[in-house]
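S.K.: What follows is my_file_8.txt; its format and atoms are compact mmCIF, C-alpha atoms and all ligand atoms.
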```
# COMPACT_ATOMS: atom_id res chain seq x y z
CA MET A 1056 -13.05 -15.25 9.69
CA LYS A 1057 -12.93 -17.14 6.44
CA ILE A 1058 -9.52 -18.00 5.05
CA ALA A 1059 -8.74 -19.49 1.65
CA VAL A 1060 -5.71 -21.76 2.06
CA LEU A 1061 -3.72 -22.23 -1.14
CA PRO A 1062 -0.67 -24.44 -0.54
CA GLY A 1063 0.53 -24.42 -4.18
CA ASP A 1064 3.66 -26.27 -5.27
CA GLY A 1065 7.04 -27.51 -4.06
CA ILE A 1066 7.48 -26.87 -0.34
CA GLY A 1067 4.14 -24.97 -0.33
CA PRO A 1068 2.04 -27.82 1.16
CA GLU A 1069 4.66 -28.59 3.84
CA ILE A 1070 5.04 -25.03 5.11
CA VAL A 1071 1.35 -24.12 4.86
CA ALA A 1072 0.49 -27.21 6.93
CA GLN A 1073 2.61 -25.79 9.78
CA ALA A 1074 0.93 -22.38 9.62
CA VAL A 1075 -2.49 -24.06 9.65
CA LYS A 1076 -1.44 -26.12 12.67
CA VAL A 1077 -0.46 -22.93 14.51
CA LEU A 1078 -3.67 -21.09 13.55
CA ASN A 1079 -5.76 -24.04 14.72
CA ALA A 1080 -3.89 -24.07 18.04
CA LEU A 1081 -5.17 -20.55 18.76
CA ASN A 1082 -8.63 -21.97 19.34
CA ILE A 1083 -10.42 -19.09 17.68
CA ASP A 1084 -13.25 -19.24 15.19
CA LEU A 1085 -11.52 -19.66 11.82
CA GLN A 1086 -12.98 -21.28 8.73
CA LEU A 1087 -10.16 -22.64 6.60
CA GLN A 1088 -10.81 -23.98 3.13
CA GLU A 1089 -8.15 -25.35 0.79
CA ALA A 1090 -7.89 -24.96 -2.98
CA HIS A 1091 -5.32 -25.46 -5.75
CA ILE A 1092 -3.14 -22.78 -7.28
CA GLY A 1093 -0.07 -22.73 -9.54
CA GLY A 1094 1.19 -26.03 -10.90
CA ALA A 1095 -1.18 -27.85 -8.55
CA GLY A 1096 -4.06 -25.94 -10.15
CA TYR A 1097 -2.83 -26.86 -13.60
CA ASP A 1098 -2.46 -30.54 -12.68
CA ALA A 1099 -5.89 -30.77 -11.06
CA GLU A 1100 -7.98 -28.50 -13.27
CA GLY A 1101 -5.86 -27.42 -16.26
CA ASP A 1102 -5.49 -23.83 -15.02
CA PRO A 1103 -2.92 -22.24 -12.65
CA LEU A 1104 -5.80 -20.22 -11.20
CA PRO A 1105 -8.89 -22.44 -11.42
CA ALA A 1106 -12.21 -20.56 -11.41
CA SER A 1107 -13.22 -22.35 -8.17
CA THR A 1108 -10.02 -21.12 -6.46
CA LEU A 1109 -10.60 -17.53 -7.53
CA LYS A 1110 -14.22 -17.72 -6.33
CA LEU A 1111 -13.12 -19.07 -2.95
CA ALA A 1112 -10.49 -16.31 -2.64
CA GLN A 1113 -13.04 -13.64 -3.54
CA GLU A 1114 -15.49 -14.95 -0.97
CA SER A 1115 -12.88 -15.20 1.79
CA ASP A 1116 -11.64 -12.49 4.14
CA ALA A 1117 -8.03 -13.46 3.57
CA VAL A 1118 -5.85 -15.81 1.54
CA LEU A 1119 -2.94 -17.80 2.96
CA LEU A 1120 -0.63 -18.95 0.19
CA GLY A 1121 2.43 -21.21 0.14
CA ALA A 1122 4.37 -20.80 -3.09
CA VAL A 1123 4.04 -21.72 -6.74
CA GLY A 1124 6.39 -23.02 -9.43
CA GLY A 1125 8.41 -26.05 -10.37
CA TRP A 1126 10.76 -27.27 -13.07
CA GLN A 1127 8.13 -29.58 -14.57
CA TYR A 1128 6.00 -26.55 -15.50
CA ASP A 1129 8.76 -24.47 -17.13
CA THR A 1130 7.93 -25.69 -20.64
CA LEU A 1131 4.18 -24.96 -20.47
CA PRO A 1132 2.76 -22.10 -22.56
CA ARG A 1133 3.27 -18.82 -20.66
CA ASP A 1134 -0.42 -18.47 -19.73
CA MET A 1135 -0.46 -21.88 -18.09
CA ARG A 1136 2.65 -21.41 -15.97
CA PRO A 1137 2.23 -21.41 -12.18
CA GLU A 1138 3.51 -17.83 -11.75
CA ARG A 1139 0.73 -16.60 -14.03
CA GLY A 1140 -1.81 -17.92 -11.51
CA LEU A 1141 -0.17 -15.81 -8.84
CA LEU A 1142 -0.12 -12.62 -10.92
CA ARG A 1143 -3.76 -13.16 -11.87
CA ILE A 1144 -5.01 -13.68 -8.33
CA ARG A 1145 -3.17 -10.52 -7.15
CA LYS A 1146 -4.76 -8.53 -9.96
CA GLU A 1147 -8.26 -10.03 -9.57
CA LEU A 1148 -8.24 -9.25 -5.84
CA GLY A 1149 -6.99 -5.66 -6.43
CA LEU A 1150 -4.02 -6.11 -4.10
CA PHE A 1151 -2.17 -2.81 -4.54
CA ALA A 1152 -0.14 -2.65 -1.32
CA ASN A 1153 2.71 -5.04 -0.69
CA LEU A 1154 4.09 -5.14 2.83
CA ARG A 1155 7.44 -6.78 3.41
CA PRO A 1156 8.95 -6.60 6.84
CA ALA A 1157 12.67 -7.11 7.26
CA LEU A 1158 12.99 -8.08 10.88
CA LEU A 1159 16.01 -9.70 12.43
CA TYR A 1160 15.56 -11.87 15.49
CA ASP A 1161 18.46 -11.41 17.90
CA GLU A 1162 19.12 -15.15 17.90
CA LEU A 1163 19.79 -15.02 14.15
CA ALA A 1164 22.06 -11.96 14.04
CA SER A 1165 24.99 -14.11 12.92
CA ALA A 1166 23.02 -15.43 9.91
CA SER A 1167 23.28 -12.06 8.13
CA THR A 1168 26.14 -11.29 5.76
CA LEU A 1169 26.43 -7.89 7.47
CA LYS A 1170 28.13 -7.36 10.82
CA PRO A 1171 25.85 -8.19 13.78
CA GLU A 1172 26.16 -4.66 15.19
CA VAL A 1173 24.84 -3.22 11.91
CA VAL A 1174 21.76 -5.45 11.77
CA SER A 1175 20.87 -6.60 15.28
CA GLY A 1176 17.53 -5.14 16.30
CA LEU A 1177 16.65 -4.41 12.67
CA ASP A 1178 12.91 -3.90 12.12
CA ILE A 1179 11.94 -2.29 8.80
CA MET A 1180 8.63 -2.39 6.98
CA ILE A 1181 8.79 -1.85 3.24
CA VAL A 1182 5.51 -0.74 1.69
CA ARG A 1183 5.63 -1.23 -2.07
CA GLU A 1184 2.97 -0.16 -4.55
CA LEU A 1185 2.09 -3.25 -6.54
CA THR A 1186 -0.28 -2.48 -9.42
CA GLY A 1187 1.12 0.63 -11.15
CA ASP A 1188 4.41 2.15 -12.28
CA ILE A 1189 6.64 1.12 -15.16
CA TYR A 1190 5.53 -2.53 -14.90
CA PHE A 1191 2.03 -1.66 -16.10
CA GLY A 1192 2.26 1.77 -17.79
CA GLN A 1193 1.34 2.18 -21.45
CA PRO A 1194 2.74 2.52 -24.05
CA ARG A 1195 5.07 -0.43 -23.83
CA GLY A 1196 6.66 -2.89 -26.18
CA ILE A 1197 9.46 -3.39 -28.65
CA THR A 1198 9.07 -1.60 -31.97
CA THR A 1199 11.19 -1.09 -35.04
CA LEU A 1200 12.17 2.47 -35.94
CA ALA A 1201 12.19 3.89 -39.45
CA ASN A 1202 15.94 3.26 -39.72
CA GLY A 1203 15.38 -0.42 -38.92
CA GLU A 1204 16.77 -0.22 -35.38
CA ARG A 1205 14.68 -1.81 -32.62
CA GLU A 1206 13.52 0.23 -29.63
CA GLY A 1207 12.17 -0.96 -26.27
CA ILE A 1208 9.63 1.19 -24.45
CA ASN A 1209 8.15 1.15 -20.97
CA THR A 1210 6.30 3.98 -19.33
CA MET A 1211 6.57 5.06 -15.72
CA ARG A 1212 3.28 6.56 -14.60
CA TYR A 1213 1.35 7.12 -11.41
CA THR A 1214 -1.86 9.02 -10.81
CA GLU A 1215 -2.30 11.15 -7.74
CA SER A 1216 -4.95 8.80 -6.31
CA GLU A 1217 -2.69 5.76 -6.73
CA ILE A 1218 0.08 7.53 -4.83
CA ARG A 1219 -2.25 8.74 -2.13
CA ARG A 1220 -3.75 5.32 -1.38
CA ILE A 1221 -0.36 3.60 -1.00
CA GLY A 1222 0.84 6.58 1.04
CA ARG A 1223 -2.10 6.15 3.41
CA VAL A 1224 -1.23 2.50 3.95
CA ALA A 1225 2.34 3.50 4.87
CA PHE A 1226 1.32 6.32 7.22
CA ASP A 1227 -1.30 4.12 8.92
CA ILE A 1228 1.29 1.41 9.51
CA ALA A 1229 3.81 3.96 10.81
CA MET A 1230 1.21 5.10 13.36
CA LYS A 1231 1.26 1.56 14.79
CA ARG A 1232 5.08 1.48 14.81
CA ASN A 1233 7.77 4.13 15.39
CA LYS A 1234 5.96 6.89 13.46
CA LYS A 1235 8.62 7.41 10.79
CA VAL A 1236 8.03 7.18 7.04
CA CYS A 1237 10.81 7.43 4.49
CA SER A 1238 9.46 7.96 1.00
CA VAL A 1239 11.86 6.73 -1.67
CA ASP A 1240 11.83 8.36 -5.10
CA LYS A 1241 14.03 9.76 -7.83
CA ALA A 1242 12.42 13.18 -7.85
CA ASN A 1243 15.57 14.87 -9.14
CA VAL A 1244 15.23 13.22 -12.55
CA LEU A 1245 11.79 11.56 -12.86
CA GLU A 1246 8.62 13.69 -12.98
CA THR A 1247 6.48 10.71 -11.98
CA THR A 1248 8.31 10.59 -8.70
CA GLU A 1249 8.35 14.38 -8.36
CA LEU A 1250 4.56 14.05 -8.19
CA TRP A 1251 5.02 11.11 -5.80
CA ARG A 1252 6.98 13.36 -3.43
CA GLN A 1253 4.44 16.21 -3.66
CA VAL A 1254 1.54 13.88 -2.82
CA MET A 1255 3.42 12.34 0.12
CA ILE A 1256 4.06 15.83 1.53
CA GLU A 1257 0.37 16.75 1.12
CA LEU A 1258 -0.70 13.49 2.76
CA SER A 1259 1.65 13.97 5.69
CA LYS A 1260 -0.49 16.90 6.85
CA ASP A 1261 -3.13 14.32 7.86
CA TYR A 1262 -0.53 12.56 10.03
CA PRO A 1263 1.10 15.28 12.17
CA GLU A 1264 2.62 12.67 14.51
CA VAL A 1265 4.50 10.91 11.73
CA GLU A 1266 7.94 12.17 10.70
CA LEU A 1267 8.18 12.09 6.89
CA SER A 1268 11.55 12.05 5.15
CA HIS A 1269 12.53 11.61 1.50
CA MET A 1270 15.41 9.73 -0.03
CA TYR A 1271 16.55 9.15 -3.60
CA VAL A 1272 16.47 5.48 -4.49
CA ASP A 1273 20.20 5.21 -5.19
CA ASN A 1274 20.97 6.59 -1.76
CA ALA A 1275 18.33 4.32 -0.18
CA ALA A 1276 20.02 1.28 -1.73
CA MET A 1277 23.28 2.40 -0.15
CA GLN A 1278 21.80 3.33 3.24
CA LEU A 1279 20.10 -0.07 3.53
CA VAL A 1280 23.47 -1.77 3.76
CA ARG A 1281 25.33 1.09 5.46
CA ALA A 1282 22.97 1.87 8.35
CA PRO A 1283 19.70 -0.04 7.91
CA LYS A 1284 18.45 0.64 11.44
CA GLN A 1285 17.73 4.29 10.55
CA PHE A 1286 14.54 3.11 8.78
CA ASP A 1287 11.11 2.39 10.22
CA VAL A 1288 8.61 2.39 7.31
CA ILE A 1289 9.81 2.81 3.73
CA VAL A 1290 7.19 3.62 1.10
CA THR A 1291 8.00 3.45 -2.58
CA GLY A 1292 6.72 2.62 -6.06
CA ASN A 1293 6.58 -0.74 -7.76
CA ILE A 1294 9.99 -0.98 -9.43
CA PHE A 1295 12.04 0.66 -6.65
CA GLY A 1296 10.16 -1.45 -4.09
CA ASP A 1297 10.82 -4.64 -6.01
CA ILE A 1298 14.55 -4.08 -5.81
CA LEU A 1299 14.82 -2.56 -2.33
CA SER A 1300 12.63 -5.21 -0.68
CA ASP A 1301 14.88 -8.00 -1.97
CA GLU A 1302 17.93 -6.10 -0.80
CA ALA A 1303 16.38 -5.55 2.64
CA SER A 1304 15.36 -9.19 2.91
CA MET A 1305 18.96 -10.31 2.71
CA LEU A 1306 19.90 -8.12 5.68
CA THR A 1307 18.17 -10.73 7.81
CA GLY A 1308 20.20 -13.62 6.45
CA SER A 1309 17.53 -16.14 5.57
CA ILE A 1310 14.72 -15.98 3.09
CA GLY A 1311 13.01 -18.72 5.10
CA MET A 1312 12.13 -16.18 7.82
CA LEU A 1313 10.42 -13.48 5.76
CA PRO A 1314 6.66 -13.09 5.48
CA SER A 1315 4.70 -10.76 3.22
CA ALA A 1316 1.24 -9.32 2.83
CA SER A 1317 -0.56 -7.83 -0.14
CA LEU A 1318 -3.61 -5.75 0.72
CA ASP A 1319 -6.59 -4.25 -1.09
CA GLN A 1320 -8.54 -1.06 -0.26
CA ASN A 1321 -10.40 -2.76 2.59
CA ASN A 1322 -7.45 -4.56 4.15
CA LYS A 1323 -8.47 -7.87 2.66
CA GLY A 1324 -5.17 -9.53 2.01
CA MET A 1325 -3.14 -12.32 0.58
CA TYR A 1326 -0.39 -13.53 2.89
CA GLU A 1327 2.59 -15.55 1.72
CA PRO A 1328 6.25 -16.15 2.46
CA SER A 1329 8.67 -14.00 0.43
CA HIS A 1330 10.45 -17.06 -0.92
CA GLY A 1331 9.47 -19.41 -3.73
CA SER A 1332 8.56 -23.09 -3.93
CA ALA A 1333 12.16 -24.31 -3.35
CA PRO A 1334 11.86 -27.39 -5.60
CA ASP A 1335 15.38 -28.44 -4.55
CA ILE A 1336 14.19 -29.30 -1.04
CA ALA A 1337 10.49 -30.06 -1.67
CA GLY A 1338 9.00 -33.20 -0.15
CA LYS A 1339 11.85 -33.68 2.32
CA ASP A 1340 10.22 -31.99 5.33
CA ILE A 1341 13.27 -29.75 5.81
CA ALA A 1342 12.00 -26.32 4.69
CA ASN A 1343 11.73 -23.46 7.16
CA PRO A 1344 8.02 -22.87 7.86
CA LEU A 1345 8.56 -19.68 9.89
CA ALA A 1346 8.05 -17.25 6.97
CA THR A 1347 4.63 -18.82 6.41
CA ILE A 1348 3.77 -18.86 10.11
CA LEU A 1349 4.79 -15.18 10.30
CA SER A 1350 2.60 -14.51 7.24
CA ALA A 1351 -0.32 -15.86 9.28
CA VAL A 1352 0.70 -13.37 12.00
CA MET A 1353 0.44 -10.54 9.46
CA MET A 1354 -3.00 -11.86 8.47
CA LEU A 1355 -4.23 -11.67 12.06
CA ARG A 1356 -2.74 -8.18 12.41
CA TYR A 1357 -3.75 -6.50 9.15
CA THR A 1358 -6.95 -8.23 8.01
CA PHE A 1359 -8.47 -9.41 11.28
CA ASN A 1360 -7.15 -6.65 13.54
CA ASP A 1361 -6.34 -9.29 16.13
CA GLU A 1362 -3.15 -7.89 17.60
CA ALA A 1363 -3.34 -10.07 20.71
CA ASN A 1364 -3.19 -13.35 18.80
CA ALA A 1365 -0.67 -11.93 16.32
CA GLN A 1366 1.64 -11.22 19.25
CA ARG A 1367 0.98 -14.61 20.82
CA ILE A 1368 2.32 -16.34 17.70
CA GLU A 1369 5.18 -13.89 17.31
CA ASN A 1370 6.25 -14.51 20.89
CA ALA A 1371 5.97 -18.26 20.34
CA VAL A 1372 8.29 -17.97 17.33
CA LYS A 1373 10.79 -15.95 19.36
CA LYS A 1374 10.64 -18.51 22.18
CA THR A 1375 11.17 -21.36 19.73
CA LEU A 1376 14.27 -19.64 18.35
CA ALA A 1377 15.51 -18.85 21.86
CA GLN A 1378 15.12 -22.55 22.71
CA GLY A 1379 17.58 -23.23 19.92
CA TYR A 1380 15.30 -24.89 17.35
CA ARG A 1381 16.57 -24.32 13.78
CA THR A 1382 15.72 -25.68 10.36
CA GLY A 1383 18.69 -26.34 8.08
CA ASP A 1384 18.73 -22.88 6.45
CA ILE A 1385 19.31 -21.10 9.79
CA TYR A 1386 21.21 -23.83 11.59
CA THR A 1387 24.49 -22.93 13.30
CA ASP A 1388 26.72 -24.97 15.60
CA GLY A 1389 25.27 -25.46 19.05
CA THR A 1390 21.62 -25.19 17.99
CA LYS A 1391 19.09 -28.01 17.50
CA LYS A 1392 18.41 -28.95 13.89
CA VAL A 1393 14.76 -29.83 13.33
CA LYS A 1394 12.53 -30.73 10.43
CA CYS A 1395 9.81 -28.48 9.02
CA SER A 1396 7.02 -30.32 10.86
CA GLU A 1397 9.02 -30.36 14.11
CA MET A 1398 9.48 -26.59 13.88
CA GLY A 1399 5.69 -26.25 13.51
CA ASP A 1400 5.21 -28.49 16.57
CA ALA A 1401 7.72 -26.45 18.56
CA VAL A 1402 5.87 -23.20 17.78
CA VAL A 1403 2.56 -24.82 18.82
CA ALA A 1404 4.17 -26.05 22.05
CA ALA A 1405 5.53 -22.53 22.73
CA LEU A 1406 2.05 -21.08 22.18
P1 LIG B 1501 13.19 -20.04 -4.03
O1 LIG B 1501 12.86 -18.94 -3.09
O2 LIG B 1501 12.15 -21.09 -4.21
O3 LIG B 1501 14.53 -20.77 -3.55
C1 LIG B 1501 15.79 -20.09 -3.45
C2 LIG B 1501 16.70 -20.87 -2.47
O4 LIG B 1501 16.23 -20.66 -1.15
C3 LIG B 1501 16.67 -22.38 -2.70
O5 LIG B 1501 17.95 -22.91 -2.46
C4 LIG B 1501 15.71 -22.89 -1.65
O6 LIG B 1501 15.96 -24.22 -1.23
C5 LIG B 1501 15.89 -21.89 -0.52
N1 LIG B 1501 14.65 -21.69 0.24
C6 LIG B 1501 13.54 -21.02 -0.17
N2 LIG B 1501 12.60 -21.08 0.77
C7 LIG B 1501 13.10 -21.80 1.79
C8 LIG B 1501 12.58 -22.21 3.05
N3 LIG B 1501 11.36 -21.90 3.46
N4 LIG B 1501 13.39 -22.95 3.86
C9 LIG B 1501 14.63 -23.27 3.47
N5 LIG B 1501 15.18 -22.91 2.30
C10 LIG B 1501 14.41 -22.18 1.46
O7 LIG B 1501 13.57 -19.36 -5.43
P2 LIG B 1501 13.97 -20.02 -6.84
O8 LIG B 1501 14.79 -21.25 -6.62
O9 LIG B 1501 14.49 -18.92 -7.63
O10 LIG B 1501 12.59 -20.45 -7.48
C11 LIG B 1501 12.01 -21.75 -7.37
C12 LIG B 1501 10.59 -21.74 -7.93
O11 LIG B 1501 9.79 -20.87 -7.13
C13 LIG B 1501 10.50 -21.20 -9.35
O12 LIG B 1501 9.56 -21.97 -10.05
C14 LIG B 1501 10.01 -19.77 -9.16
O13 LIG B 1501 9.31 -19.30 -10.27
C15 LIG B 1501 9.12 -19.92 -7.97
N6 LIG B 1501 8.92 -18.68 -7.18
C16 LIG B 1501 7.69 -18.51 -6.63
C17 LIG B 1501 7.44 -17.43 -5.82
C18 LIG B 1501 6.09 -17.33 -5.19
O14 LIG B 1501 5.33 -18.30 -5.19
N7 LIG B 1501 5.74 -16.20 -4.59
C19 LIG B 1501 8.46 -16.51 -5.55
C20 LIG B 1501 9.73 -16.71 -6.08
C21 LIG B 1501 9.96 -17.82 -6.90
```
What do you get writing this file as structure tokens?
M.R.:
Amino acid sequence: MKIAVLPGDGIGPEIVAQAVKVLNALNIDLQLQEAHIGGAGYDAEGDPLPASTLKLAQESDAVLLGAVGGWQYDTLPRDMRPERGLLRIRKELGLFANLRPALLYDELASASTLKPEVVSGLDIMIVRELTGDIYFGQPRGITTLANGEREGINTMRYTESEIRRIGRVAFDIAMKRNKKVCSVDKANVLETTELWRQVMIELSKDYPEVELSHMYVDNAAMQLVRAPKQFDVIVTGNIFGDILSDEASMLTGSIGMLPSASLDQNNKGMYEPSHGSAPDIAGKDIANPLATILSAVMMLRYTFNDEANAQRIENAVKKTLAQGYRTGDIYTDGTKKVKCSEMGDAVVAAL
């Protein structure tokens, strides 16, 4: 199991170090190799995605990434900015399926802005298509019309095969969970998503055990805050998924708890926390490393098919929270405030 470890910028190195510590504590055969990405790539090799980093990622079974970005890079030419390194590596690796769980640990129910009874026990998986839709469709651009007025154009498009492959990811995941898929579209007004719905219905015939439902995106946005526990797996296109996954993440209260995975056709994946490089707290050893540790859990589960070790770490995280350990972002009265590295140590001890 070869893993490319890309700490990146800001809190990236601090949080990735904790996930590496936990992976090493499993005592399984893992080959971890570090490389630069983002601002760190630019500083070291003049490129936010150095060729050596891309090669390492391509040769590895999985990538574990921290985060990229920082104020000092905001004035660089667009192509040299840290975020560009991230977009490029996703594209180069063909990562079309983005998985973002929104899972609320009972101990943290009071951290959500919603009432505890609405969110406690929440466990949703959002499967978002990542390489198509209006973000990539042609034609696009800003043009000037004959009358001199400017017009902006983007194009929403999906082919049948693109819809089918993301649908398969969602149905396969549902088979390992509560066997419910809710496909989110806007089929009443957008033909692209009318096709999306048709393909999902066709695909569902291959998964007779899975209950497929459909929801318009505006209703889904409302239902996520009204009664979020009705969902198991949500599958949707790039733009709807972008918005809904951020909305769902806030149901859990802290961005420091949320992992993510982006997978290719063969379940090779890049695993990273959902948050950014948090430059405001970088270098202080106070960031929450749990989103990154839980990203390593997703790596074991989805790329390495190692459910036993995935659950070992998950249980260790739950135990650590039950013991009252909290980083600053999830701290409440009566719990024990710890540093980033101490949280990593506590998870290792719980393992
Ligand atoms: P951010 O997610 O980095 O931070 C938002 C807020 O959440 C900050 O107050 C931060 O301190 C806090 N926070 C984030 N992660 C935390 C953690 N693990 N523990 C405790 N608190 C945490 O978003 P931002 O401030 O909008 O962006 C900062 C930089 O990160 C920018 O350069 C942005 O481009 C980049 N960014 C990168 C990614 C990525 O690498 N995938 C994603 C989003 C933003």
S.K.: To check your reading of the model: which residues sit at most 7 Å from ligand LIG 1501 (chain B) when counting only C-alpha atoms and all ligand atoms? Write the answer as a count of residues only.
M.R.: 23
S.K.: Ile1179 (chain A): which residues within 12 Å, counting all atoms listed in the file, same-chain residues fewer than 6 positions away excluded, as an NGL selection string?
M.R.: :A and (1154-1159 or 1225 or 1228-1229 or 1232-1237 or 1279 or 1282-1290 or 1299-1300 or 1302-1304 or 1306-1307 or 1313)
S.K.: What would the file look like if the residues just selected were written as a JSON list (two decimals), keeping the file's coordinate frame with C-alpha atoms?
M.R.:
```json
[["chain", "number", "residue", "atom", "x", "y", "z"],
["A", 1154, "LEU", "CA", 4.09, -5.14, 2.83],
["A", 1155, "ARG", "CA", 7.44, -6.78, 3.41],
["A", 1156, "PRO", "CA", 8.95, -6.60, 6.84],
["A", 1157, "ALA", "CA", 12.67, -7.11, 7.26],
["A", 1158, "LEU", "CA", 12.99, -8.08, 10.88],
["A", 1159, "LEU", "CA", 16.01, -9.70, 12.43],
["A", 1225, "ALA", "CA", 2.34, 3.50, 4.87],
["A", 1228, "ILE", "CA", 1.29, 1.41, 9.51],
["A", 1229, "ALA", "CA", 3.81, 3.96, 10.81],
["A", 1232, "ARG", "CA", 5.08, 1.48, 14.81],
["A", 1233, "ASN", "CA", 7.77, 4.13, 15.39],
["A", 1234, "LYS", "CA", 5.96, 6.89, 13.46],
["A", 1235, "LYS", "CA", 8.62, 7.41, 10.79],
["A", 1236, "VAL", "CA", 8.03, 7.18, 7.04],
["A", 1237, "CYS", "CA", 10.81, 7.43, 4.49],
["A", 1279, "LEU", "CA", 20.10, -0.07, 3.53],
["A", 1282, "ALA", "CA", 22.97, 1.87, 8.35],
["A", 1283, "PRO", "CA", 19.70, -0.04, 7.91],
["A", 1284, "LYS", "CA", 18.45, 0.64, 11.44],
["A", 1285, "GLN", "CA", 17.73, 4.29, 10.55],
["A", 1286, "PHE", "CA", 14.54, 3.11, 8.78],
["A", 1287, "ASP", "CA", 11.11, 2.39, 10.22],
["A", 1288, "VAL", "CA", 8.61, 2.39, 7.31],
["A", 1289, "ILE", "CA", 9.81, 2.81, 3.73],
["A", 1290, "VAL", "CA", 7.19, 3.62, 1.10],
["A", 1299, "LEU", "CA", 14.82, -2.56, -2.33],
["A", 1300, "SER", "CA", 12.63, -5.21, -0.68],
["A", 1302, "GLU", "CA", 17.93, -6.10, -0.80],
["A", 1303, "ALA", "CA", 16.38, -5.55, 2.64],
["A", 1304, "SER", "CA", 15.36, -9.19, 2.91],
["A", 1306, "LEU", "CA", 19.90, -8.12, 5.68],
["A", 1307, "THR", "CA", 18.17, -10.73, 7.81],
["A", 1313, "LEU", "CA", 10.42, -13.48, 5.76]]
```
S.K.: Would you mind telling me which residue in A:Glu1362, A:Glu1397, A:Glu1089, A:Asp1261 lies nearest to Phe1226 (chain A) when using all atoms listed in the file?
M.R.: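 For Phe1226 (chain A), the nearest of the candidates is A:Asp1261.
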S.K.: To one decimal place in Å, what is the distance between CA of Leu1345 (chain A) and CA of Val1224 (chain A)?
M.R.: 25.0 Å
S.K.: Separation of CA of Ile1058 (chain A) and CA of Ala1112 (chain A), in Å?
M.R.: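 For CA of Ile1058 (chain A) relative to CA of Ala1112 (chain A), the distance reads 7.9 Å.
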S.K.: Please provide the set of residues having any atom within 12 Å of region 1185-1197 of chain A, restricted to only C-alpha atoms, with same-chain residues fewer than 3 positions apart removed, written as an MDAnalysis selection string.
M.R.: chainID A and resid 1142:1143 1145:1155 1181:1182 1200 1204:1218 1220:1221 1245 1247:1248 1251 1290:1297 1316:1319
S.K.: By how many Å are CA of Glu1327 (chain A) and CA of Pro1068 (chain A) apart?
M.R.: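 Distance between the two atoms: 12.3 Å.
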S.K.: Kindly assemble as a Markdown table a list of the region 1133-1170 of chain A residues that lie within 12 Å of region 1090-1101 of chain A, each paired with its nearest atom pair and their distance in Å to one decimal, using all atoms listed in the file, sorted first by chain and then by ascending residue number.
M.R.:
```
| residue | atom | partner | partner_atom | distance |
| --- | --- | --- | --- | --- |
| A:Asp1134 | CA | A:Tyr1097 | CA | 10.7 |
| A:Met1135 | CA | A:Tyr1097 | CA | 7.1 |
| A:Arg1136 | CA | A:Gly1094 | CA | 7.0 |
| A:Pro1137 | CA | A:Gly1093 | CA | 3.7 |
| A:Glu1138 | CA | A:Gly1093 | CA | 6.5 |
| A:Arg1139 | CA | A:Gly1093 | CA | 7.6 |
| A:Gly1140 | CA | A:Gly1093 | CA | 5.5 |
| A:Leu1141 | CA | A:Gly1093 | CA | 7.0 |
| A:Leu1142 | CA | A:Gly1093 | CA | 10.2 |
| A:Arg1143 | CA | A:Gly1093 | CA | 10.5 |
| A:Ile1144 | CA | A:Ile1092 | CA | 9.3 |
```
